Every structure is written in structure tokens, then in C-alpha cells.
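Data from work29.cif: mmCIF, C-alpha atoms and all ligand atoms
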data_work
loop_
_atom_site.label_atom_id
_atom_site.label_comp_id
_atom_site.auth_asym_id
_atom_site.auth_seq_id
_atom_site.Cartn_x
_atom_site.Cartn_y
_atom_site.Cartn_z
CA MET A 1 6.56 54.58 13.97
CA SER A 2 10.32 55.07 13.70
CA GLU A 3 12.20 56.54 16.66
CA GLN A 4 13.12 60.20 16.47
CA ILE A 5 16.61 61.06 17.67
CA GLN A 6 15.92 63.89 20.07
CA THR A 7 19.31 64.34 21.66
CA ALA A 8 22.91 64.12 20.48
CA PHE A 9 24.54 60.70 20.34
CA VAL A 10 26.62 60.32 23.52
CA PRO A 11 28.77 57.16 23.39
CA GLY A 12 28.81 55.47 26.79
CA LEU A 13 26.27 58.06 28.07
CA GLU A 14 29.21 60.07 29.41
CA GLY A 15 27.98 63.28 31.04
CA VAL A 16 24.30 62.31 30.61
CA VAL A 17 22.29 62.77 33.80
CA ALA A 18 19.62 60.05 33.86
CA VAL A 19 18.39 60.10 37.48
CA LYS A 20 18.41 62.26 40.59
CA THR A 21 19.73 60.54 43.70
CA ARG A 22 20.24 61.38 47.35
CA LEU A 23 22.52 58.36 47.80
CA SER A 24 25.97 59.49 46.70
CA ASN A 25 27.82 62.10 44.70
CA VAL A 26 31.17 61.76 42.96
CA ASP A 27 33.00 65.01 42.22
CA GLY A 28 35.98 64.06 40.09
CA LYS A 29 37.46 67.54 39.95
CA LYS A 30 37.44 68.13 43.71
CA GLY A 31 38.24 64.50 44.53
CA GLU A 32 35.14 64.26 46.69
CA LEU A 33 32.75 61.41 47.41
CA ILE A 34 29.63 62.12 49.45
CA VAL A 35 27.55 59.20 50.72
CA ALA A 36 24.07 60.22 51.96
CA GLY A 37 25.42 63.58 53.04
CA PHE A 38 28.67 62.38 54.63
CA PRO A 39 32.13 62.89 53.12
CA ILE A 40 33.40 59.33 52.69
CA GLU A 41 36.39 59.98 54.97
CA GLU A 42 33.98 61.00 57.78
CA LEU A 43 31.66 58.00 57.39
CA ALA A 44 33.71 55.00 56.30
CA PRO A 45 36.20 54.70 59.19
CA ARG A 46 33.51 55.21 61.86
CA ALA A 47 30.33 53.43 60.74
CA SER A 48 29.58 49.76 60.97
CA PHE A 49 28.41 48.27 57.67
CA GLU A 50 24.90 47.97 59.11
CA GLU A 51 24.89 51.72 59.93
CA THR A 52 25.89 52.56 56.36
CA LEU A 53 23.18 50.26 55.04
CA TYR A 54 20.57 51.91 57.25
CA LEU A 55 21.78 55.35 56.22
CA LEU A 56 21.49 54.48 52.53
CA TRP A 57 18.07 52.89 52.91
CA TYR A 58 16.47 55.42 55.29
CA ASP A 59 18.60 58.58 54.83
CA THR A 60 19.39 58.86 58.53
CA LEU A 61 21.69 57.13 61.00
CA PRO A 62 19.90 54.50 63.09
CA ASN A 63 19.41 54.87 66.84
CA ALA A 64 20.46 51.95 69.04
CA GLU A 65 17.09 50.22 68.78
CA GLN A 66 16.86 50.59 64.99
CA LEU A 67 20.41 49.32 64.61
CA ALA A 68 19.73 46.30 66.82
CA GLU A 69 16.62 45.53 64.78
CA LEU A 70 18.49 45.73 61.48
CA ARG A 71 21.31 43.54 62.81
CA GLU A 72 18.76 40.97 63.93
CA SER A 73 16.90 41.05 60.60
CA LEU A 74 20.16 40.42 58.76
CA ALA A 75 21.26 37.68 61.17
CA SER A 76 17.93 35.87 60.81
CA ARG A 77 18.29 35.82 57.02
CA ARG A 78 21.99 35.00 56.70
CA SER A 79 21.75 31.21 56.45
CA LEU A 80 21.47 29.89 52.92
CA SER A 81 18.55 27.83 51.70
CA ARG A 82 19.22 24.23 50.80
CA ALA A 83 18.71 25.07 47.11
CA THR A 84 21.39 27.79 47.25
CA LEU A 85 23.85 25.46 48.96
CA GLU A 86 23.24 22.70 46.42
CA LEU A 87 23.79 25.15 43.61
CA LEU A 88 27.07 26.30 45.18
CA ARG A 89 28.24 22.71 45.60
CA ALA A 90 27.50 22.02 41.93
CA ALA A 91 29.34 25.19 40.88
CA ALA A 92 32.36 24.32 43.08
CA SER A 93 32.58 20.86 41.55
CA GLU A 94 33.06 22.59 38.19
CA LYS A 95 35.46 25.21 39.61
CA VAL A 96 33.21 28.06 38.47
CA PRO A 97 34.89 31.44 39.22
CA PRO A 98 33.56 33.06 42.43
CA MET A 99 31.81 35.98 40.69
CA ASP A 100 29.90 33.59 38.44
CA ALA A 101 28.92 31.49 41.45
CA LEU A 102 27.74 34.66 43.22
CA ARG A 103 25.67 35.65 40.19
CA MET A 104 24.03 32.21 40.07
CA ALA A 105 23.39 32.03 43.80
CA ALA A 106 22.16 35.63 44.07
CA GLY A 107 19.18 34.60 41.96
CA THR A 108 18.14 32.17 44.69
CA ALA A 109 18.58 34.67 47.54
CA GLY A 110 14.84 35.39 47.70
CA LEU A 111 13.95 31.76 48.53
CA GLY A 112 12.25 31.46 51.90
CA THR A 113 11.50 35.18 52.19
CA ASN A 114 7.79 35.14 51.35
CA GLU A 115 6.70 36.97 54.44
CA ASP A 116 3.51 38.90 54.92
CA VAL A 117 4.46 42.52 54.37
CA PRO A 118 2.53 45.59 53.28
CA ALA A 119 2.61 46.05 49.50
CA GLU A 120 4.74 49.21 49.72
CA ASP A 121 7.36 47.25 51.67
CA GLU A 122 7.35 44.20 49.40
CA ALA A 123 10.94 44.73 48.31
CA ARG A 124 12.46 45.06 51.80
CA PRO A 125 12.58 41.36 52.79
CA GLU A 126 14.15 40.50 49.44
CA ALA A 127 16.69 43.28 49.81
CA LEU A 128 17.48 42.23 53.38
CA SER A 129 18.01 38.65 52.23
CA LEU A 130 20.27 39.78 49.42
CA VAL A 131 22.44 41.91 51.70
CA ALA A 132 22.49 39.26 54.44
CA ARG A 133 23.21 36.35 52.13
CA PHE A 134 25.81 37.89 49.82
CA SER A 135 28.49 37.44 52.46
CA THR A 136 27.32 33.89 53.23
CA ILE A 137 27.29 32.96 49.55
CA VAL A 138 30.81 34.27 48.93
CA ALA A 139 32.26 32.71 52.08
CA ALA A 140 30.49 29.35 51.65
CA TYR A 141 31.54 29.15 48.01
CA TRP A 142 35.13 30.01 48.84
CA ARG A 143 35.30 27.19 51.34
CA LEU A 144 33.62 24.72 48.99
CA LEU A 145 36.10 25.66 46.26
CA GLY A 146 38.91 24.85 48.70
CA GLY A 147 37.34 21.46 49.53
CA LYS A 148 36.06 22.62 52.95
CA GLU A 149 32.55 22.65 54.42
CA PRO A 150 30.87 26.06 54.83
CA VAL A 151 30.92 27.62 58.30
CA GLN A 152 27.48 28.54 59.68
CA PRO A 153 27.05 32.30 60.30
CA ASP A 154 27.38 33.47 63.90
CA PRO A 155 24.24 35.49 64.81
CA GLU A 156 26.03 37.15 67.73
CA VAL A 157 28.54 39.15 65.69
CA GLY A 158 28.03 41.90 63.11
CA HIS A 159 27.99 41.60 59.34
CA ALA A 160 31.68 42.25 58.66
CA ALA A 161 32.87 40.00 61.50
CA THR A 162 30.51 37.20 60.38
CA TYR A 163 31.90 37.38 56.85
CA LEU A 164 35.47 36.85 58.09
CA TYR A 165 34.27 34.17 60.50
CA MET A 166 32.51 32.28 57.69
CA LEU A 167 35.61 32.53 55.50
CA PHE A 168 38.21 31.47 58.05
CA GLY A 169 36.27 29.72 60.83
CA GLU A 170 37.61 32.06 63.55
CA ILE A 171 36.11 35.15 65.14
CA PRO A 172 38.37 37.93 63.82
CA GLY A 173 40.19 40.50 65.95
CA GLU A 174 38.75 43.99 66.34
CA GLU A 175 41.28 45.61 64.02
CA PHE A 176 40.38 43.16 61.23
CA VAL A 177 36.68 43.88 61.64
CA ARG A 178 37.28 47.65 61.64
CA ALA A 179 39.39 47.40 58.48
CA LEU A 180 36.73 45.36 56.67
CA GLU A 181 33.88 47.66 57.82
CA THR A 182 35.85 50.62 56.46
CA TYR A 183 36.34 48.86 53.14
CA LEU A 184 32.67 47.81 52.80
CA ASN A 185 31.52 51.35 53.68
CA THR A 186 33.98 52.89 51.22
CA VAL A 187 32.63 50.89 48.29
CA ALA A 188 28.94 50.79 49.32
CA ASP A 189 27.88 53.38 46.74
CA HIS A 190 29.56 55.44 44.04
CA GLY A 191 27.30 57.53 41.83
CA MET A 192 25.87 56.18 38.60
CA ASN A 193 28.48 53.46 38.03
CA ALA A 194 27.73 50.70 35.52
CA SER A 195 26.39 48.08 37.94
CA THR A 196 24.17 50.57 39.78
CA PHE A 197 22.81 51.83 36.47
CA THR A 198 22.13 48.23 35.44
CA ALA A 199 20.18 47.61 38.65
CA ARG A 200 18.13 50.77 38.13
CA VAL A 201 17.36 49.93 34.48
CA ILE A 202 16.07 46.51 35.51
CA LEU A 203 14.03 47.88 38.41
CA SER A 204 12.62 50.65 36.23
CA THR A 205 10.67 48.01 34.28
CA ARG A 206 8.88 47.22 37.62
CA SER A 207 10.90 44.02 37.82
CA ASP A 208 12.02 42.81 41.27
CA VAL A 209 15.05 43.62 43.45
CA VAL A 210 16.59 40.15 43.08
CA SER A 211 16.58 40.46 39.28
CA ALA A 212 18.08 43.95 39.52
CA VAL A 213 20.88 42.78 41.81
CA VAL A 214 21.66 39.70 39.70
CA GLY A 215 22.08 42.03 36.69
CA ALA A 216 24.29 44.32 38.76
CA VAL A 217 26.58 41.42 39.73
CA GLY A 218 27.01 40.65 36.03
CA ALA A 219 28.01 44.25 35.35
CA LEU A 220 30.40 44.42 38.30
CA LYS A 221 32.26 41.33 37.14
CA GLY A 222 33.74 43.04 34.09
CA PRO A 223 37.39 44.14 34.29
CA LEU A 224 36.47 47.73 33.43
CA HIS A 225 34.35 47.93 36.58
CA GLY A 226 35.07 45.77 39.61
CA GLY A 227 37.38 43.16 38.22
CA ALA A 228 40.75 44.94 38.49
CA PRO A 229 42.17 45.15 42.04
CA GLY A 230 44.28 41.97 41.91
CA PRO A 231 46.87 43.23 39.40
CA ALA A 232 47.63 46.35 41.49
CA LEU A 233 49.23 44.09 44.08
CA ASP A 234 51.02 41.87 41.57
CA ALA A 235 53.50 44.65 40.81
CA VAL A 236 54.32 44.98 44.53
CA PHE A 237 54.96 41.23 44.75
CA GLU A 238 57.03 41.19 41.57
CA ILE A 239 59.17 44.09 42.80
CA GLY A 240 59.65 42.10 45.99
CA GLU A 241 62.17 44.25 47.87
CA ALA A 242 62.99 47.86 48.69
CA GLY A 243 64.98 49.86 46.13
CA ARG A 244 63.76 47.96 43.04
CA ALA A 245 60.50 49.82 42.40
CA LYS A 246 61.66 52.63 40.12
CA PRO A 247 63.61 50.61 37.53
CA TYR A 248 60.87 47.95 37.41
CA LEU A 249 58.08 50.50 36.92
CA ARG A 250 60.09 52.58 34.44
CA GLU A 251 60.60 49.50 32.29
CA LYS A 252 56.87 48.78 32.38
CA LEU A 253 56.04 52.31 31.23
CA GLU A 254 58.68 52.14 28.48
CA ARG A 255 57.03 48.97 27.21
CA GLY A 256 53.78 51.00 26.95
CA GLU A 257 52.12 49.19 29.86
CA ARG A 258 49.82 50.90 32.37
CA LEU A 259 50.58 50.97 36.06
CA MET A 260 47.68 49.26 37.79
CA GLY A 261 46.08 51.18 40.63
CA PHE A 262 46.71 54.62 39.09
CA GLY A 263 44.52 56.92 36.99
CA HIS A 264 40.72 57.19 36.92
CA ARG A 265 38.05 58.09 34.38
CA VAL A 266 36.20 60.45 36.73
CA TYR A 267 38.70 61.48 39.41
CA LYS A 268 41.31 63.81 38.00
CA VAL A 269 42.77 64.38 41.45
CA ARG A 270 43.42 61.75 44.11
CA ASP A 271 40.50 59.32 44.55
CA PRO A 272 39.15 60.08 48.08
CA ARG A 273 38.48 56.37 48.57
CA ALA A 274 42.22 55.74 48.19
CA ASP A 275 42.89 58.05 51.18
CA THR A 276 40.27 56.34 53.33
CA LEU A 277 41.63 52.90 52.51
CA ALA A 278 45.25 54.08 52.88
CA ALA A 279 44.51 55.18 56.46
CA ALA A 280 42.75 51.86 57.16
CA SER A 281 45.70 49.93 55.67
CA GLU A 282 48.16 51.84 57.80
CA ARG A 283 46.19 50.97 60.96
CA LEU A 284 45.84 47.33 59.96
CA TYR A 285 49.44 46.74 58.93
CA THR A 286 50.91 48.53 61.93
CA THR A 287 48.82 46.52 64.40
CA ASP A 288 48.89 43.15 62.70
CA GLY A 289 50.41 42.52 59.35
CA ASP A 290 53.39 42.24 57.06
CA LYS A 291 54.96 45.63 57.75
CA ALA A 292 57.68 45.11 55.15
CA LEU A 293 55.06 44.54 52.46
CA TYR A 294 53.17 47.65 53.57
CA GLU A 295 56.32 49.77 53.39
CA LEU A 296 57.20 48.35 50.01
CA ALA A 297 53.68 49.21 48.76
CA LEU A 298 54.18 52.82 49.90
CA GLU A 299 57.49 52.92 48.03
CA VAL A 300 55.79 51.50 44.91
CA GLU A 301 53.05 54.14 45.18
CA GLN A 302 55.55 57.02 45.47
CA ALA A 303 57.70 55.67 42.63
CA SER A 304 54.61 55.21 40.42
CA LEU A 305 53.35 58.73 41.07
CA SER A 306 56.68 60.36 40.29
CA LEU A 307 57.21 58.24 37.14
CA LEU A 308 53.66 58.87 35.89
CA ALA A 309 54.12 62.63 36.40
CA GLU A 310 57.32 62.39 34.32
CA HIS A 311 55.88 60.03 31.70
CA LYS A 312 52.44 61.65 31.25
CA PRO A 313 52.95 65.28 32.32
CA GLY A 314 49.74 67.23 32.98
CA ARG A 315 47.57 64.08 33.10
CA ASN A 316 47.22 64.06 36.90
CA LEU A 317 47.44 60.29 37.18
CA GLU A 318 46.87 59.67 40.88
CA THR A 319 46.43 56.64 43.10
CA ASN A 320 42.97 55.08 42.65
CA VAL A 321 40.81 52.93 44.92
CA GLU A 322 42.17 49.66 43.55
CA PHE A 323 45.69 50.14 44.86
CA TYR A 324 44.68 50.36 48.52
CA THR A 325 41.80 47.92 48.11
CA ALA A 326 44.36 45.33 47.11
CA LEU A 327 46.67 46.17 50.01
CA LEU A 328 43.88 46.25 52.60
CA LEU A 329 42.13 43.06 51.49
CA HIS A 330 45.48 41.26 51.27
CA GLY A 331 46.16 42.43 54.84
CA LEU A 332 42.85 40.80 55.81
CA ARG A 333 44.23 37.52 54.36
CA LEU A 334 41.77 37.55 51.46
CA SER A 335 42.96 35.84 48.31
CA THR A 336 42.89 38.05 45.18
CA ASP A 337 40.07 35.87 43.81
CA LEU A 338 37.92 37.18 46.66
CA PHE A 339 38.55 40.87 45.96
CA THR A 340 35.71 41.45 43.48
CA PRO A 341 33.18 39.26 45.35
CA THR A 342 34.01 41.22 48.53
CA PHE A 343 33.43 44.44 46.60
CA ALA A 344 29.95 43.04 45.81
CA VAL A 345 29.35 42.27 49.52
CA GLY A 346 29.73 46.03 50.13
CA ARG A 347 28.12 47.38 46.95
CA VAL A 348 24.90 45.37 47.40
CA ALA A 349 24.00 48.02 50.02
CA GLY A 350 24.08 50.70 47.30
CA TRP A 351 22.34 48.56 44.68
CA THR A 352 19.38 47.81 46.95
CA ALA A 353 19.14 51.48 48.04
CA HIS A 354 19.06 52.54 44.38
CA CYS A 355 16.32 49.96 43.77
CA PHE A 356 14.15 51.61 46.43
CA GLU A 357 14.85 55.03 44.97
CA GLN A 358 14.03 53.83 41.46
CA HIS A 359 10.87 52.15 42.76
CA ASP A 360 9.69 55.50 44.19
CA LEU A 361 10.61 57.33 40.98
CA ASP A 362 8.73 54.72 38.92
CA ARG A 363 10.00 55.94 35.56
CA LEU A 364 11.02 53.46 32.87
CA ILE A 365 14.64 54.03 31.78
CA ARG A 366 14.47 53.79 28.03
CA PRO A 367 17.05 55.73 25.98
CA GLN A 368 17.09 55.88 22.20
CA SER A 369 19.52 54.57 19.63
CA ALA A 370 20.85 56.04 16.40
CA TYR A 371 20.08 53.61 13.57
CA VAL A 372 23.08 53.16 11.25
CA GLY A 373 21.95 49.97 9.45
CA ALA A 374 20.71 49.41 5.92
CA ARG A 375 17.29 50.54 4.65
CA ASP A 376 14.85 49.52 1.93
CA ARG A 377 16.02 45.92 1.62
CA ARG A 378 13.82 43.54 -0.36
CA TRP A 379 13.16 39.95 0.67
CA ILE A 380 15.18 37.28 -1.25
CA PRO A 381 13.73 33.75 -1.13
CA LEU A 382 16.04 31.18 0.51
CA GLU A 383 16.78 29.27 -2.73
CA GLU A 384 18.04 32.46 -4.38
CA ARG A 385 20.52 33.48 -1.62
C1 LIG B 401 41.44 53.82 34.96
C2 LIG B 401 41.79 54.15 33.52
C3 LIG B 401 41.19 53.08 32.58
C4 LIG B 401 41.20 55.53 33.19
O1 LIG B 401 41.38 55.73 31.89
P1 LIG B 401 41.05 57.09 31.14
O2 LIG B 401 40.37 58.09 31.95
O3 LIG B 401 40.38 56.66 29.92
O4 LIG B 401 42.45 57.64 30.95
P2 LIG B 401 43.16 57.73 29.57
O5 LIG B 401 43.21 56.37 29.00
O6 LIG B 401 42.48 58.79 28.79
O7 LIG B 401 44.59 58.16 30.04
C5 LIG B 401 45.21 59.37 29.72
C6 LIG B 401 46.65 59.07 29.38
O8 LIG B 401 47.33 58.58 30.53
C7 LIG B 401 47.79 57.25 30.29
N1 LIG B 401 47.49 56.47 31.49
C8 LIG B 401 46.32 56.45 32.18
N2 LIG B 401 46.42 55.64 33.22
C9 LIG B 401 47.67 55.13 33.21
C10 LIG B 401 48.35 54.23 34.03
N3 LIG B 401 47.77 53.68 35.10
N4 LIG B 401 49.61 53.92 33.72
C11 LIG B 401 50.22 54.47 32.65
N5 LIG B 401 49.61 55.35 31.83
C12 LIG B 401 48.35 55.67 32.10
C13 LIG B 401 47.02 56.75 29.09
O9 LIG B 401 47.78 55.80 28.40
C14 LIG B 401 46.80 57.99 28.30
O10 LIG B 401 47.95 58.30 27.59
P3 LIG B 401 47.87 58.78 26.06
O11 LIG B 401 46.87 59.92 26.05
O12 LIG B 401 49.27 59.17 25.77
O13 LIG B 401 47.36 57.61 25.31
C15 LIG B 401 43.33 54.20 33.34
O14 LIG B 401 43.85 55.22 34.15
C16 LIG B 401 44.00 52.87 33.63
O15 LIG B 401 44.04 52.01 32.76
N6 LIG B 401 44.54 52.68 34.88
C17 LIG B 401 45.16 51.44 35.23
C18 LIG B 401 44.13 50.38 35.58
C19 LIG B 401 43.45 50.61 36.90
O16 LIG B 401 44.07 50.97 37.91
N7 LIG B 401 42.12 50.41 36.91
C20 LIG B 401 41.30 50.59 38.09
C21 LIG B 401 40.51 51.86 37.99
S1 LIG B 401 39.60 52.21 39.46
#
Would you mind writing the file out in C-alpha cells?
Ligand SMILES: CC(C)(COP(=O)(O)OP(=O)(O)OC[C@H]1O[C@@H](n2cnc3c(N)ncnc32)[C@H](O)[C@@H]1OP(=O)(O)O)[C@@H](O)C(=O)NCCC(=O)NCCS
Amino acid sequence: MSEQIQTAFVPGLEGVVAVKTRLSNVDGKKGELIVAGFPIEELAPRASFEETLYLLWYDTLPNAEQLAELRESLASRRSLSRATLELLRAAASEKVPPMDALRMAAGTAGLGTNEDVPAEDEARPEALSLVARFSTIVAAYWRLLGGKEPVQPDPEVGHAATYLYMLFGEIPGEEFVRALETYLNTVADHGMNASTFTARVILSTRSDVVSAVVGAVGALKGPLHGGAPGPALDAVFEIGEAGRAKPYLREKLERGERLMGFGHRVYKVRDPRADTLAAASERLYTTDGDKALYELALEVEQASLSLLAEHKPGRNLETNVEFYTALLLHGLRLSTDLFTPTFAVGRVAGWTAHCFEQHDLDRLIRPQSAYVGARDRRWIPLEER
């Protein structure tokens, strides 16, 4: 039976509501992001990453005992299996880009997690392993790429601190940990973005959480989704010193180029995540960091906003999350190649939470397509073609 088109064709599914969620809400007109009931600016600078994870998974903040239990569960799963490590070594020997290595290794994250759990909780150990091991995979791969041995996770420190420890081999200062927690919380979930949708589509077939998250990593890798923060900082570096921002940016706009880190498909006012990360950047750079670079970035932001208002009047092109992501992660000494993988280390919290929600909904996501191909063709034998 041929498919009946029951609804209008909506390219890119823009404006189509496919699922109900309690996890997060993006209001592009108000410039508001709510994560499990909290405005992002209330949650992100205060919560530890583990608290945000618990909140997304269980819809409530953990008490001290629940938090300790979650931290312990993550710590006990953080070490990589031998198979994952071998895979990462093979990938590093071929200089595979970090997001591809993460995608490959994420598929092995379930190894060694066959615990006895009630059927309704089957997905939790896998999800815990994914969240716990994402940071280990990214950090271990980064070191292998640089010709260094991976650093074993430290079970005594929290998720964000362990990630920095595994990257750099030193227990980070408090202000570094706070800045990274704020970043991971800020990007943990964001409505029905492409990677989250991908995860939900895969889970809706009653497939498993690991498969859903591997698919999500593939979606996040694309430059239209998570692959863009690096270039936002390049302009700041190219400008190099105070007073040069305006002419440099004006020239870019006159050449028809876009200013990276500005404008957004959904937010038509300032992206609330930019504010949260701007405050975190200010704290980080004023306590420990390249203050001159920070001040130059602020000058670049102001110059960009005033030129964009002049160049594209009425478009409301505001600072987006990428601009301050780049500044904050650079302040944490992360190379630009680590920006998107670090985004994944935070977003895996949202992906797994959406998997649980989709599991409970148990409804196959299966849209329709509008057929625009030929009809009534007749078979032509090979020798006559
Ligand atoms: C994010 C982005 C793709 C959103 O695109 P969008 O909602 O489709 O916006 P549009 O492309 O419709 O933009 C509207 C107008 O503003 C212009 N514009 C949008 N963002 C711009 C930017 N950063 N610099 C210069 N001009 C920009 C567009 O060229 C367009 O002009 P036109 O109508 O004269 O062609 C776009 O703003 C962009 O490319 N930003 C820079 C890249 C970036 O920071 N990406 C990370 C996003 S989180």
C-alpha cells in the first residue's frame, strides 16, 4: 500500500513537535533555556555535573547520599576496557580526528557492564558507562594522539575534575573545575536538537542506549551542529591586539563572510547560554588566565554586535553559545580540537536522559516522505540498456 501524505511537507521538520519532554525547553523569542525546571543561569553555575545528570535522569536534585552513590557508580565505570583502549591506540596511529575516535569507542562503552539488573533498569548500567567513559575516551585519545600514555582516572575527584586530570595529568584548581562544570551543565540538554532527535529515533525502534548515543555522536560531529566553536576564537587571535577589531570585522562583512559566534536559528535574542558562559569566562580569566585575551574577546564581541546591527539591521544577530564556549574552553587550556568532543562529554547526559524518556514513551518515530520520483517504469533487460 502506498503511503498517504497526511500532513504538509515541512523541510527540516522545522516547527514540527514530535515528542513531549520534561527535560529542557528552548524559547528563542524570550532567550530562555529551562533545564528540568531550572533556568539555565540558575542551574549551570551552581550544580556539579553529577547533580545535573541526576536531575535530568530522575527529575529531582539528589540528596547527599544519592549524589555520593551516583559519583561512586560513575567512578567505578570510568576505566576503559582493554578493547576500547586497543581501538583508541589503533585510531591514534592513523591520526583519526577525535570525534571519529569518540564515535568508534562509544560503541564499545557497554563492554563489561553486563550486571544483573531488573529488566526495567536494563538501560541504566549502559547509560552510566557511557556517561562515565565519554570523558575517559576523549582524554585518553587526546593523550595517545600526542604520543603520551593515558592517565588513569582518579576515583577520589568528581567527573569534571577527573576529565581535566586525565587530559593534563594534574589535579586542576577549583576555579578550573567550576568553569568546566558550568560549561558541561550549560550544554547538557537543549530541546530537540539534531543529535538528541537522532538518539530518540534510534531508541524508538527499541534499540539500545549505546546504539542511540553512537548515532547522536555522529550527528553532533557535523559543522551545523556541534562542530563550529573553534572558528569563533580564530577571529580573536587574528585580530591580535586592541583597537584592530572593527576594521578587521568590517572587512570580513564586506567580503560577505559571516562573523562566527553570532546569530542563531532559534534564538532571536541573546542566547542565554552565552550569558552563563560569559560569566564563567569572566571568573576564570580574572582568577587565572590571559586577561589581555579576555579583554580583546570582549572588544571583538562589542565590535561584532555593533557592526552586525549596522550591516543586517532588524535581524537581531546576537552573541551565541559558540563565542563564549571557545573563550571558556581555551581558558581551560583545551585545544580547539577538543571543543566538540568536550561538548559531547556534557551532552551525553541529555542524550541518555532522552533515551529513558523515549523508552517510557515507547512510540516508534516514523515520519512520512513525499515521493517525487518517476512512476510506471517498465523493466528493460540489461542487454538493451
Ligand atoms: C547560526 C546561523 C547559521 C543561523 O542562521 P539562520 O537562522 O539561518 O540565519 P540566516 O542565515 O537566515 O541569517 C539572516 C541574515 O543575517 C545574516 N547573518 C546571520 N548570521 C550572521 C553572521 N554571524 N555574520 C554575518 N551575517 C550573518 C545572513 O547572511 C542573513 O542575511 P541575508 O538575509 O541578507 O542573506 C548563522 O547566524 C551563522 O552562520 N552564524 C555564524 C556561525 C555560528 O556562529 N554558528 C554557531 C551557531 S550556535
Show me which residues sit within 9 Å of ligand LIG 401 (chain B) when counting all atoms listed in the file, and put them as a short mmCIF file (atom, residue, chain, number, x, y, z; two decimals) with C-alpha atoms, in the coordinates of the input.
data_model
loop_
_atom_site.label_atom_id
_atom_site.label_comp_id
_atom_site.auth_asym_id
_atom_site.auth_seq_id
_atom_site.Cartn_x
_atom_site.Cartn_y
_atom_site.Cartn_z
CA PRO A 223 37.39 44.14 34.29
CA LEU A 224 36.47 47.73 33.43
CA HIS A 225 34.35 47.93 36.58
CA GLY A 226 35.07 45.77 39.61
CA GLY A 227 37.38 43.16 38.22
CA ALA A 228 40.75 44.94 38.49
CA PRO A 229 42.17 45.15 42.04
CA PRO A 231 46.87 43.23 39.40
CA ALA A 232 47.63 46.35 41.49
CA LYS A 252 56.87 48.78 32.38
CA LEU A 253 56.04 52.31 31.23
CA GLY A 256 53.78 51.00 26.95
CA GLU A 257 52.12 49.19 29.86
CA ARG A 258 49.82 50.90 32.37
CA LEU A 259 50.58 50.97 36.06
CA MET A 260 47.68 49.26 37.79
CA GLY A 261 46.08 51.18 40.63
CA PHE A 262 46.71 54.62 39.09
CA GLY A 263 44.52 56.92 36.99
CA HIS A 264 40.72 57.19 36.92
CA ARG A 265 38.05 58.09 34.38
CA VAL A 266 36.20 60.45 36.73
CA TYR A 267 38.70 61.48 39.41
CA LYS A 268 41.31 63.81 38.00
CA ASP A 271 40.50 59.32 44.55
CA SER A 304 54.61 55.21 40.42
CA LEU A 308 53.66 58.87 35.89
CA HIS A 311 55.88 60.03 31.70
CA LYS A 312 52.44 61.65 31.25
CA PRO A 313 52.95 65.28 32.32
CA ARG A 315 47.57 64.08 33.10
CA ASN A 316 47.22 64.06 36.90
CA LEU A 317 47.44 60.29 37.18
CA GLU A 318 46.87 59.67 40.88
CA THR A 319 46.43 56.64 43.10
CA ASN A 320 42.97 55.08 42.65
CA VAL A 321 40.81 52.93 44.92
CA GLU A 322 42.17 49.66 43.55
CA PHE A 323 45.69 50.14 44.86
#
key: Distance criterion (all atoms listed in the file): nearest to A:Gly350 out of A:Ile40, A:Leu87, A:Ala188, A:Ala75   =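 Looking at the shortest contact to A:Gly350, the residue is A:Ala188.
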Box along x, y and z, 4 Å on every side, all listed atoms of stretch 68-83 of chain A inside: centre and edge lengths in Å to one decimal, as lines of an AutoDock Vina configuration file.
center_x = 19.3
center_y = 35.3
center_z = 57.0
size_x = 13.4
size_y = 30.1
size_z = 27.7
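Taking atom CA of A:Gly37 and atom CA of A:Leu128 as the two end points, the separation is 22.8 Å.
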query = Using only C-alpha atoms, which of A:Glu254, A:Glu357, A:Glu42, A:Asp27 sits nearest A:Thr196?
reply = A:Glu357
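Distances here use all atoms listed in the file; by that measure, the residue among A:His359, A:Arg22, A:Arg333, A:Arg89 closest to A:Leu56 is A:Arg22.
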remark   = Computed gap from atom CA of A:Glu170 to atom CA of A:Ser93 is 25.2 Å
ask   = Do you know which residues are at most 9 Å from A:Tyr183 counting all atoms listed in the file, after dropping those on the same chain fewer than 2 positions away, and could you put them as a ChimeraX atom specification?
value = /A:44-45,178-181,185-188,276-277,280,325,328-329,343,346
Computed interatomic separation between atom CA of A:Glu94 and atom CA of A:Leu145 (Å) =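 It comes out at 9.2 Å.
Using all atoms listed in the file, the shortest contact distance between A:Glu41 and any of A:Asp362, A:Asp288, A:Asp376, A:Asp275 is found at A:Asp275.
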note = In terms of all atoms listed in the file, the residue from A:Phe197, A:Trp57, A:Phe49, A:Trp142 at minimal distance from A:Leu23 is A:Trp57
message = Restricting the calculation to all atoms listed in the file: of A:Leu85, A:Val345, A:Ala216, A:Ala109, which residue gets closest to A:His159?
response =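 Counting all atoms listed in the file, the residue closest to A:His159 is A:Val345.
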Name the residues in contact with A:Leu144 at a cut-off of 8 Å, using all atoms listed in the file, excluding same-chain residues fewer than 4 positions from it; report them as a CSV table (one decimal) with C-alpha atoms, in the coordinates of the input.
chain,number,residue,atom,x,y,z
A,88,LEU,CA,27.1,26.3,45.2
A,89,ARG,CA,28.2,22.7,45.6
A,92,ALA,CA,32.4,24.3,43.1
A,140,ALA,CA,30.5,29.4,51.6
A,148,LYS,CA,36.1,22.6,53.0
A,149,GLU,CA,32.6,22.6,54.4
A,150,PRO,CA,30.9,26.1,54.8
task = Would you list the contacts of A:Thr162 as a PyMOL selection string, taking every protein, DNA or RNA residue within 12 Å and counting all atoms listed in the file, but skipping same-chain residues closer than 2 positions in sequence?
result = chain A and resi 49+71+74-75+78-79+132-136+138-140+151-160+164-173+176-177+180-181
Shell of 6 Å around stretch 364-370 of chain A, only C-alpha atoms, local chain residues under 6 positions omitted, as a PyMOL selection string = chain A and resi 201+204-205
